[in-house]
Every structure is written in C-alpha cells, then in structure tokens.
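Participant: Structure incoming, see below.
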Amino acid sequence: MPYYIPAYDTEAIYPWWELGENPYTASPYQKAVSYEGEALRECLDGIRTVAEVHHKHNAPATFFLVAKLVESAPRELRTILNHPLFDLQCHTYTHCDLYETAKDEAALRRELVDSKKVIEDTFGRTVIGLTTPGAYCEGLHKQQELLETIWTAGYRYVRSVGKGPFQTVPAPLTQPFWYDADGYPDLLELALHAWHDNILGGQPFTAHWPPVLPWGYPSKMPATAQEIYEVYAPGIDHIAKNDLTTYIPCFHPWSIYRADKNARHIGLLLGHAKRAVSISSCTSLYEQLRAAKK
C-alpha cells in the first residue's frame with residue numbers, strides 16, 4: 001500500500017542568503033544558525049503553522065527535532081507538539097555532519113545519545129527514529145561506527161538516504177530497506193525523497209543531470225504555495241500508480257513558513273494525499289513493516 005509520509009526536519013533557521021559567494025560548509029552553518037531572539041520566534045511560528053495545518057486535516061506527522069532547539073524552547077514546543085497526531089523523533093543535537101562526527105566518540109555520543117535523552121525527557125516519549133542532517137547518497141552503508149552507536153542508543157529506524165548520485169539533489173525514490181548487509185537486519189531505512197525544500201527555495205546546491213525523478217525538474221524556481229505544491233504533488237500520483245511503499249519529501253517548518261505564512265502548500269499536499277494514498281507517520285509505518293517482516 002502506498003503511503004505519503006509527512007516528515008519535518010525541525011531545526012533553527014539557516015540564513016544561507018547571508019553567505020554571499022562563500023560556499024556552504026558545516027562550519028558557517030554552525031556559526032550562522034541561531035536558537036534565540038527573532039530566529040527562534042520565526043522557527044516556532046513555522047512549527048506552529050505546520051502543526052495547525054495537520055490538525056485541520058486530522059493528518060499525522062513526524063517531527064524530527066534538533067535537541068538544541070528543544071532545549072531553547074521546551075515549553076513552547078510541548079504546547080505545539082505534544083499531541084497524539086504528532087510523532088516526535090530525533091535530528092541530532094546540533095545538526096552536524098554525522099560522517100565527520102563519527103571520528104570523535106564523545107561528540108558522536110552527544111549528537112545521538114544525549115540528544116535522544118533531551119527529547120525523551122522533554123516530551124515523556126520514547127524516541128526510536130533518527131534523521132541524519134543533510135542526508136547522504138548511500139545512507140549508512142559501510143558506516144559501522146555510526147550504525148553501532150545508532151543501534152546501541154535505541155534507534156530502530158533512520159532517514160539517512162536523501163541525496164542523488166554524488167551527493168546531488170533531488171533525491172531519488174529509494175524505498176524502505178533493512179540494513180541486513182551491514183549487520184543490522186532490524187534497523188530500517190526510511191529514505192527521504194525529491195527536493196529538500198530549503199534547496200528548492202534557493203539554498204545553493206548541486207543538481208543532478210539527467211533528472212533522477214521520473215517527472216523531471218520544475219521549469220522555474222517555485223515562488224508561491226501553489227507552485228511548490230505542483231513540484232511535490234507528482235510524487236504522490238507516482239507512488240499510487242506504481243504501487244510503491246513511500247513518498248517522503250524533505251521539509252523544514254521554517255522554510256515552509258518563509259514560503260507561505262499559512263503553509264498552504266502543505267495543506268494542498270495533505271488534501272491530495274488523502275485522495276490518492278494513505279498518510280502515516282514514520283513510526284507507524286516502521287511498526288507495520290517490522291510486523292510484516294516477522
């Protein structure tokens with residue numbers, strides 16, 4: 001059965017437009033991102049707006065939370081997200097590159113173990129899902145240090161595949177798989193698909209040619225909620241027509257909010273998905289796939 005999975009990488013704003021001609025790397029990201037003041041308020045407004053759209057459609061969603069953001073606004077986030085519709089999982093502690101962090105055991109533990117505890121203590125829920133910042137073409141294949149730490153920490157599914165060939169965008173429609181070949185047969189990959197919305201909205205990144213998605217590229221950078229919806233909507237119809245399991249675009253609440261203060265493109269996608277496929281959270285789908293595997 002095909003599923004549209006609304007999943008949101010929930011982190012503070014990254015103002016790449018302030019970099020000018022300087023290339024993006026992890027270092028300027030960490031220096032530029034802010035968890036206070038106006039940046040934090042705008043980030044929370046985006047989360048609140050996305051949550052309200054899901055309430056309106058009575059549709060589940062998974063929010064992958066950066067722990068540093070949770071520490072900065074625990075009361076506000078509990079007010080917005082502590083609802084049965086919402087599945088709350090982890091997006092590391094500081095939104096670092098896990099490939100690089102794996103070289104430092106203490107830093108890796110902070111990003112994967114301490115972050116999980118912050119979210120669990122704040123919301124009183126068990127965290128079993130992880131989205132890696134940025135995502136990778138090969139996901140966690142052959143990343144033994146990462147896999148061991150992830151599994152030992154208690155994660156049971158990841159979203160780590162989310163780039164095209166040679167770490168380009170958009171991401172292909174990689175379907176769920178288990179990490180059997182790497183020695184973790186009970187760890188599930190729920191790959192993310194299509195455009196990262198912050199990149200679609202202007203963050204510089206390398207795109208792949210020819211297109212890796214069956215419906216190709218938009219003819220121009222989308223500027224309205226309707227145009228953004230039209231970029232993502234073909235994925236819903238494609239998985240329905242081809243009986244694929246998942247379509248999981250990469251969205252960020254702050255980027256959604258910057259594109260449209262009412263998150264109308266999210267509402268349009270949820271309405272479209274209701275007519276064509278089922279809607280599920282990441283954890284609910286993981287539980288279904290785990291049960292089917294037994």
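Residues are named by chain letter and number: chains run A, B, ... in the order of the structure tokens, numbers start at 1 in each chain, and ligands are numbered from 1 in the order shown.
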Would you pick out the contacts of A:Ala240 at 8 Å or less, using only C-alpha atoms, so that residues sharing its chain but fewer than 3 positions from it are not included, and give the list as a count of residues only?

Facilitator: 7

Participant: So that I can see what lies close to stretch 98-105 of chain A, please list as a PDB file with N, CA and C atoms, in the first residue's frame the residues with an atom at most 8 Å from it, counting only C-alpha atoms and leaving out residues fewer than 6 positions away in the same chain.

Facilitator:
```
ATOM      1  N   THR A 132      19.342  11.940   9.782  1.00  0.00           N
ATOM      2  CA  THR A 132      20.701  12.491   9.739  1.00  0.00           C
ATOM      3  C   THR A 132      20.673  13.860   9.051  1.00  0.00           C
ATOM      4  N   PRO A 133      21.341  14.852   9.605  1.00  0.00           N
ATOM      5  CA  PRO A 133      21.377  16.166   8.950  1.00  0.00           C
ATOM      6  C   PRO A 133      21.953  16.086   7.540  1.00  0.00           C
ATOM      7  N   GLN A 143      29.003   2.372   7.254  1.00  0.00           N
ATOM      8  CA  GLN A 143      29.319   3.315   8.328  1.00  0.00           C
ATOM      9  C   GLN A 143      29.177   2.586   9.667  1.00  0.00           C
ATOM     10  N   GLU A 145      30.779   2.562  12.626  1.00  0.00           N
ATOM     11  CA  GLU A 145      30.760   3.299  13.892  1.00  0.00           C
ATOM     12  C   GLU A 145      29.399   3.947  14.122  1.00  0.00           C
ATOM     13  N   LEU A 146      28.880   4.542  13.061  1.00  0.00           N
ATOM     14  CA  LEU A 146      27.565   5.167  13.172  1.00  0.00           C
ATOM     15  C   LEU A 146      26.482   4.131  13.442  1.00  0.00           C
TER      16      LEU A 146
END
```

Participant: Could you produce a table of the residues of stretch 123-219 of chain A lying within 12 Å of stretch 89-92 of chain A, with the nearest pair of atoms per residue and their separation in Å rounded to one decimal, using only C-alpha atoms, ordered by chain and increasing residue number, as CSV?

Facilitator:
```
residue,atom,partner,partner_atom,distance
A:Phe123,CA,A:Gln89,CA,10.4
A:Gly124,CA,A:Gln89,CA,11.8
A:Arg125,CA,A:Gln89,CA,9.1
A:Thr126,CA,A:Gln89,CA,8.4
A:Val127,CA,A:Gln89,CA,5.3
A:Ile128,CA,A:Gln89,CA,6.7
A:Gly129,CA,A:Gln89,CA,5.2
A:Leu130,CA,A:Cys90,CA,4.8
A:Thr131,CA,A:His91,CA,5.0
A:Thr132,CA,A:His91,CA,6.2
A:Pro133,CA,A:His91,CA,6.7
A:Gly134,CA,A:His91,CA,10.1
A:Ala135,CA,A:His91,CA,10.9
A:Ile150,CA,A:Thr92,CA,10.9
A:Ala153,CA,A:Cys90,CA,11.7
A:Gly154,CA,A:Cys90,CA,11.4
A:Tyr155,CA,A:Cys90,CA,9.3
A:Arg156,CA,A:Gln89,CA,11.1
A:Tyr157,CA,A:Gln89,CA,10.2
A:Val158,CA,A:Cys90,CA,9.5
A:Arg159,CA,A:His91,CA,9.5
A:Ser160,CA,A:His91,CA,10.6
```

Participant: Generate a file of the selected residues that holds N, CA and C atoms, formatted as a tab-separated table (two decimals), in the first residue's frame.

Facilitator:
```
chain	number	residue	atom	x	y	z
A	123	PHE	N	9.43	15.48	26.39
A	123	PHE	CA	8.08	15.12	25.96
A	123	PHE	C	7.53	13.86	26.64
A	124	GLY	N	8.37	13.16	27.39
A	124	GLY	CA	7.90	11.95	28.05
A	124	GLY	C	7.54	10.85	27.07
A	125	ARG	N	8.28	10.77	25.97
A	125	ARG	CA	8.04	9.77	24.95
A	125	ARG	C	9.34	9.04	24.61
A	126	THR	N	9.21	7.81	24.12
A	126	THR	CA	10.38	7.07	23.67
A	126	THR	C	10.72	7.46	22.25
A	127	VAL	N	11.98	7.74	21.99
A	127	VAL	CA	12.47	8.10	20.66
A	127	VAL	C	13.15	6.90	20.04
A	128	ILE	N	12.69	6.51	18.84
A	128	ILE	CA	13.30	5.37	18.14
A	128	ILE	C	13.71	5.71	16.71
A	129	GLY	N	13.45	6.95	16.26
A	129	GLY	CA	13.75	7.35	14.89
A	129	GLY	C	14.75	8.49	14.83
A	130	LEU	N	15.60	8.46	13.79
A	130	LEU	CA	16.64	9.47	13.61
A	130	LEU	C	16.70	9.91	12.15
A	131	THR	N	16.75	11.22	11.94
A	131	THR	CA	17.08	11.76	10.63
A	131	THR	C	18.47	12.36	10.68
A	132	THR	N	19.34	11.94	9.78
A	132	THR	CA	20.70	12.49	9.74
A	132	THR	C	20.67	13.86	9.05
A	133	PRO	N	21.34	14.85	9.61
A	133	PRO	CA	21.38	16.17	8.95
A	133	PRO	C	21.95	16.09	7.54
A	134	GLY	N	21.26	16.73	6.62
A	134	GLY	CA	21.74	16.79	5.24
A	134	GLY	C	21.45	15.57	4.40
A	135	ALA	N	21.50	14.40	5.02
A	135	ALA	CA	21.29	13.12	4.33
A	135	ALA	C	22.43	12.82	3.37
A	150	ILE	N	24.12	4.13	16.73
A	150	ILE	CA	22.69	4.33	16.50
A	150	ILE	C	21.88	3.17	17.09
A	153	ALA	N	22.10	3.03	20.95
A	153	ALA	CA	21.35	4.12	21.57
A	153	ALA	C	19.85	3.85	21.61
A	154	GLY	N	19.37	2.91	20.81
A	154	GLY	CA	17.95	2.58	20.83
A	154	GLY	C	17.16	3.02	19.62
A	155	TYR	N	17.84	3.53	18.60
A	155	TYR	CA	17.14	3.87	17.36
A	155	TYR	C	16.83	2.59	16.59
A	156	ARG	N	15.65	2.56	15.99
A	156	ARG	CA	15.25	1.39	15.23
A	156	ARG	C	14.92	1.70	13.77
A	157	TYR	N	14.87	2.98	13.44
A	157	TYR	CA	14.79	3.36	12.03
A	157	TYR	C	15.50	4.69	11.84
A	158	VAL	N	15.97	4.91	10.62
A	158	VAL	CA	16.69	6.13	10.27
A	158	VAL	C	16.17	6.66	8.94
A	159	ARG	N	16.35	7.97	8.75
A	159	ARG	CA	16.23	8.60	7.43
A	159	ARG	C	17.61	9.17	7.13
A	160	SER	N	18.40	8.43	6.38
A	160	SER	CA	19.76	8.88	6.09
A	160	SER	C	20.04	8.93	4.60
```

Participant: Pick out the closest residue to A:Tyr286 from this set: A:Asp197, A:Asp260, A:Asp182, A:Asp87. Count only C-alpha atoms.

Facilitator: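 Closest residue, counting only C-alpha atoms: A:Asp87.
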
Participant: Under the rule that only C-alpha atoms are counted, which of A:Asn82, A:Thr10, A:Gln175, A:Gln144 is the nearest residue to A:Ile239?

Facilitator: A:Gln175

Participant: Which residues are near A:Gly201? Cut-off 9 Å, only C-alpha atoms, ignore same chain within fewer than 2 positions. Put them as an mmCIF file with C-alpha atoms, in the first residue's frame.

Facilitator:
```cif
data_model
loop_
_atom_site.group_PDB
_atom_site.id
_atom_site.type_symbol
_atom_site.label_atom_id
_atom_site.label_comp_id
_atom_site.auth_asym_id
_atom_site.auth_seq_id
_atom_site.Cartn_x
_atom_site.Cartn_y
_atom_site.Cartn_z
ATOM 1 C CA HIS A 196 14.922 19.472 0.155
ATOM 2 C CA ASP A 197 12.567 22.432 0.385
ATOM 3 C CA ASN A 198 15.292 24.821 1.586
ATOM 4 C CA ILE A 199 17.306 23.989 -1.546
ATOM 5 C CA GLN A 203 19.978 27.395 -0.919
ATOM 6 C CA MET A 221 12.125 28.086 -9.044
ATOM 7 C CA PRO A 222 8.694 27.979 -7.372
ATOM 8 C CA ALA A 223 7.697 31.212 -5.690
ATOM 9 C CA SER A 255 11.382 27.006 5.229
ATOM 10 C CA ALA A 259 7.477 30.337 1.573
#
```

Participant: Per DSSP on the backbone, what are the strand (DSSP E or B) residues of stretch 20-254 of chain A, as a ChimeraX atom specification?

Facilitator: /A:61-65,86-90,129-136,157-161,164,168-169,171,177-179,184-189,193-196,207,246-247,249-251

Participant: Show me, as an mmCIF file with N, CA and C atoms, in the first residue's frame, the residues that have an atom within 9 Å of A:Gln167 when counting only C-alpha atoms, minus same-chain residues fewer than 4 positions from it.

Facilitator:
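Written output follows (around.cif):
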```
data_model
loop_
_atom_site.group_PDB
_atom_site.id
_atom_site.type_symbol
_atom_site.label_atom_id
_atom_site.label_comp_id
_atom_site.auth_asym_id
_atom_site.auth_seq_id
_atom_site.Cartn_x
_atom_site.Cartn_y
_atom_site.Cartn_z
ATOM 1 N N ALA A 135 21.496 14.400 5.018
ATOM 2 C CA ALA A 135 21.286 13.120 4.332
ATOM 3 C C ALA A 135 22.433 12.816 3.373
ATOM 4 N N TYR A 136 22.470 11.568 2.896
ATOM 5 C CA TYR A 136 23.579 11.089 2.070
ATOM 6 C C TYR A 136 23.052 10.252 0.907
ATOM 7 N N CYS A 137 23.876 10.094 -0.083
ATOM 8 C CA CYS A 137 23.519 9.259 -1.231
ATOM 9 C C CYS A 137 23.427 7.786 -0.844
ATOM 10 N N GLU A 138 24.390 7.302 -0.063
ATOM 11 C CA GLU A 138 24.445 5.886 0.329
ATOM 12 C C GLU A 138 23.901 5.641 1.728
ATOM 13 N N GLY A 162 19.136 10.493 1.218
ATOM 14 C CA GLY A 162 18.353 11.651 0.824
ATOM 15 C C GLY A 162 19.059 12.550 -0.162
ATOM 16 N N LYS A 163 20.008 11.994 -0.889
ATOM 17 C CA LYS A 163 20.689 12.731 -1.951
ATOM 18 C C LYS A 163 20.752 11.838 -3.185
ATOM 19 N N ALA A 171 16.616 13.946 -4.424
ATOM 20 C CA ALA A 171 16.854 12.560 -4.037
ATOM 21 C C ALA A 171 15.921 11.630 -4.806
ATOM 22 N N THR A 206 24.245 21.400 -5.660
ATOM 23 C CA THR A 206 24.432 20.825 -6.987
ATOM 24 C C THR A 206 23.270 19.913 -7.350
ATOM 25 N N ALA A 207 22.661 20.159 -8.503
ATOM 26 C CA ALA A 207 21.592 19.300 -9.001
ATOM 27 C C ALA A 207 22.155 18.312 -10.015
ATOM 28 N N HIS A 208 21.498 17.177 -10.111
ATOM 29 C CA HIS A 208 21.989 16.125 -10.999
ATOM 30 C C HIS A 208 21.292 16.189 -12.358
#
```

Participant: Check the DSSP output for the backbone and give back, as a PDB file with C-alpha atoms, in the first residue's frame, the residues of stretch 6-185 of chain A in alpha helix (DSSP H).

Facilitator:
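Just written: selection.pdb:
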```
ATOM      1  CA  ALA A  26      29.186  22.720   8.216  1.00  0.00           C
ATOM      2  CA  SER A  27      31.337  25.413   9.875  1.00  0.00           C
ATOM      3  CA  PRO A  28      29.447  28.526   8.689  1.00  0.00           C
ATOM      4  CA  TYR A  29      26.183  26.696   9.319  1.00  0.00           C
ATOM      5  CA  GLN A  30      27.032  26.250  12.999  1.00  0.00           C
ATOM      6  CA  LYS A  31      28.125  29.891  13.248  1.00  0.00           C
ATOM      7  CA  ALA A  32      25.077  31.286  11.462  1.00  0.00           C
ATOM      8  CA  GLY A  37      15.620  36.010  19.502  1.00  0.00           C
ATOM      9  CA  GLU A  38      13.804  36.601  16.237  1.00  0.00           C
ATOM     10  CA  ALA A  39      15.256  33.492  14.583  1.00  0.00           C
ATOM     11  CA  LEU A  40      13.838  31.283  17.330  1.00  0.00           C
ATOM     12  CA  ARG A  41      10.466  33.025  17.199  1.00  0.00           C
ATOM     13  CA  GLU A  42      10.226  32.570  13.436  1.00  0.00           C
ATOM     14  CA  CYS A  43      11.239  28.927  13.773  1.00  0.00           C
ATOM     15  CA  LEU A  44       8.499  28.328  16.382  1.00  0.00           C
ATOM     16  CA  ASP A  45       5.963  30.160  14.207  1.00  0.00           C
ATOM     17  CA  GLY A  46       6.793  27.770  11.382  1.00  0.00           C
ATOM     18  CA  ILE A  47       6.382  24.705  13.587  1.00  0.00           C
ATOM     19  CA  ARG A  48       3.097  26.017  14.944  1.00  0.00           C
ATOM     20  CA  THR A  49       1.756  26.759  11.470  1.00  0.00           C
ATOM     21  CA  VAL A  50       2.622  23.284  10.144  1.00  0.00           C
ATOM     22  CA  ALA A  51       1.047  21.685  13.210  1.00  0.00           C
ATOM     23  CA  GLU A  52      -2.142  23.711  12.695  1.00  0.00           C
ATOM     24  CA  VAL A  53      -2.424  22.514   9.090  1.00  0.00           C
ATOM     25  CA  HIS A  54      -2.131  18.921  10.262  1.00  0.00           C
ATOM     26  CA  HIS A  55      -4.805  19.496  12.901  1.00  0.00           C
ATOM     27  CA  LYS A  56      -7.092  20.916  10.221  1.00  0.00           C
ATOM     28  CA  HIS A  57      -6.630  17.799   8.071  1.00  0.00           C
ATOM     29  CA  ALA A  67      17.834  18.753  20.677  1.00  0.00           C
ATOM     30  CA  LYS A  68      19.450  22.187  20.916  1.00  0.00           C
ATOM     31  CA  LEU A  69      16.186  23.683  19.648  1.00  0.00           C
ATOM     32  CA  VAL A  70      14.227  21.641  22.195  1.00  0.00           C
ATOM     33  CA  GLU A  71      16.473  22.943  24.994  1.00  0.00           C
ATOM     34  CA  SER A  72      15.893  26.503  23.787  1.00  0.00           C
ATOM     35  CA  PRO A  74      10.825  23.277  25.733  1.00  0.00           C
ATOM     36  CA  ARG A  75       7.598  24.837  26.996  1.00  0.00           C
ATOM     37  CA  GLU A  76       6.609  26.253  23.607  1.00  0.00           C
ATOM     38  CA  LEU A  77       7.386  23.005  21.795  1.00  0.00           C
ATOM     39  CA  ARG A  78       5.402  20.948  24.289  1.00  0.00           C
ATOM     40  CA  THR A  79       2.437  23.262  23.762  1.00  0.00           C
ATOM     41  CA  ILE A  80       2.646  22.910  19.967  1.00  0.00           C
ATOM     42  CA  LEU A  81       3.658  19.279  19.506  1.00  0.00           C
ATOM     43  CA  LEU A  98      27.464  12.562  11.244  1.00  0.00           C
ATOM     44  CA  TYR A  99      30.031  11.155   8.833  1.00  0.00           C
ATOM     45  CA  GLU A 100      32.542  13.637  10.250  1.00  0.00           C
ATOM     46  CA  THR A 101      31.320  13.382  13.831  1.00  0.00           C
ATOM     47  CA  GLU A 105      33.397   9.176  20.049  1.00  0.00           C
ATOM     48  CA  ALA A 106      32.403  11.781  22.654  1.00  0.00           C
ATOM     49  CA  ALA A 107      30.905  14.141  20.056  1.00  0.00           C
ATOM     50  CA  LEU A 108      29.019  11.279  18.413  1.00  0.00           C
ATOM     51  CA  ARG A 109      27.533  10.236  21.741  1.00  0.00           C
ATOM     52  CA  SER A 115      20.013  14.386  22.023  1.00  0.00           C
ATOM     53  CA  LYS A 116      17.657  11.414  22.300  1.00  0.00           C
ATOM     54  CA  LYS A 117      17.500  11.817  26.084  1.00  0.00           C
ATOM     55  CA  VAL A 118      16.719  15.544  25.832  1.00  0.00           C
ATOM     56  CA  ILE A 119      13.726  14.850  23.580  1.00  0.00           C
ATOM     57  CA  GLU A 120      12.510  11.905  25.656  1.00  0.00           C
ATOM     58  CA  ASP A 121      12.778  13.865  28.918  1.00  0.00           C
ATOM     59  CA  THR A 122      11.060  16.927  27.442  1.00  0.00           C
ATOM     60  CA  PHE A 123       8.076  15.121  25.960  1.00  0.00           C
ATOM     61  CA  GLN A 144      29.971   0.806  11.097  1.00  0.00           C
ATOM     62  CA  GLU A 145      30.760   3.299  13.892  1.00  0.00           C
ATOM     63  CA  LEU A 146      27.565   5.167  13.172  1.00  0.00           C
ATOM     64  CA  LEU A 147      25.451   2.037  12.868  1.00  0.00           C
ATOM     65  CA  GLU A 148      26.732   0.618  16.147  1.00  0.00           C
ATOM     66  CA  THR A 149      26.119   3.839  18.059  1.00  0.00           C
ATOM     67  CA  ILE A 150      22.687   4.326  16.497  1.00  0.00           C
ATOM     68  CA  TRP A 151      21.575   0.795  17.303  1.00  0.00           C
ATOM     69  CA  THR A 152      23.004   0.769  20.834  1.00  0.00           C
ATOM     70  CA  ALA A 153      21.346   4.124  21.570  1.00  0.00           C
TER      71      ALA A 153
END
```

Participant: Give me the residues within 8 Å of A:Leu269 as a tab-separated table (two decimals) with C-alpha atoms, in the first residue's frame, counting only C-alpha atoms and dropping any in the same chain fewer than 5 places off.

Facilitator:
```tsv
chain	number	residue	atom	x	y	z
A	229	TYR	CA	2.74	22.09	-4.27
A	232	TYR	CA	5.93	17.82	-4.98
A	233	ALA	CA	2.48	16.59	-6.00
```

Participant: Give me, please, the distance in Å between atom CA of A:Val231 and atom CA of A:His83, quoted to one decimal.

Facilitator: 29.6 Å

Participant: Provide the atom CA of A:Leu289 to atom CA of A:His193 distance in Å, to one decimal place.

Facilitator: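 So the answer is 18.6 Å.
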
Participant: Could you give me, as JSON, numbers by chain, the residues within 8 Å of A:Glu11, counting only C-alpha atoms and dropping anything in the same chain fewer than 3 positions from it?

Facilitator: {"A": [43, 65, 66, 69, 95, 252, 254]}

Participant: Identify which of the residues A:Ile13, A:Gly20, A:Glu287, A:Val161 lies closest to A:Asp186, counting only C-alpha atoms when measuring atom-to-atom distances.

Facilitator: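 Going through A:Ile13, A:Gly20, A:Glu287, A:Val161 one by one, the smallest distance to A:Asp186 is for A:Glu287.
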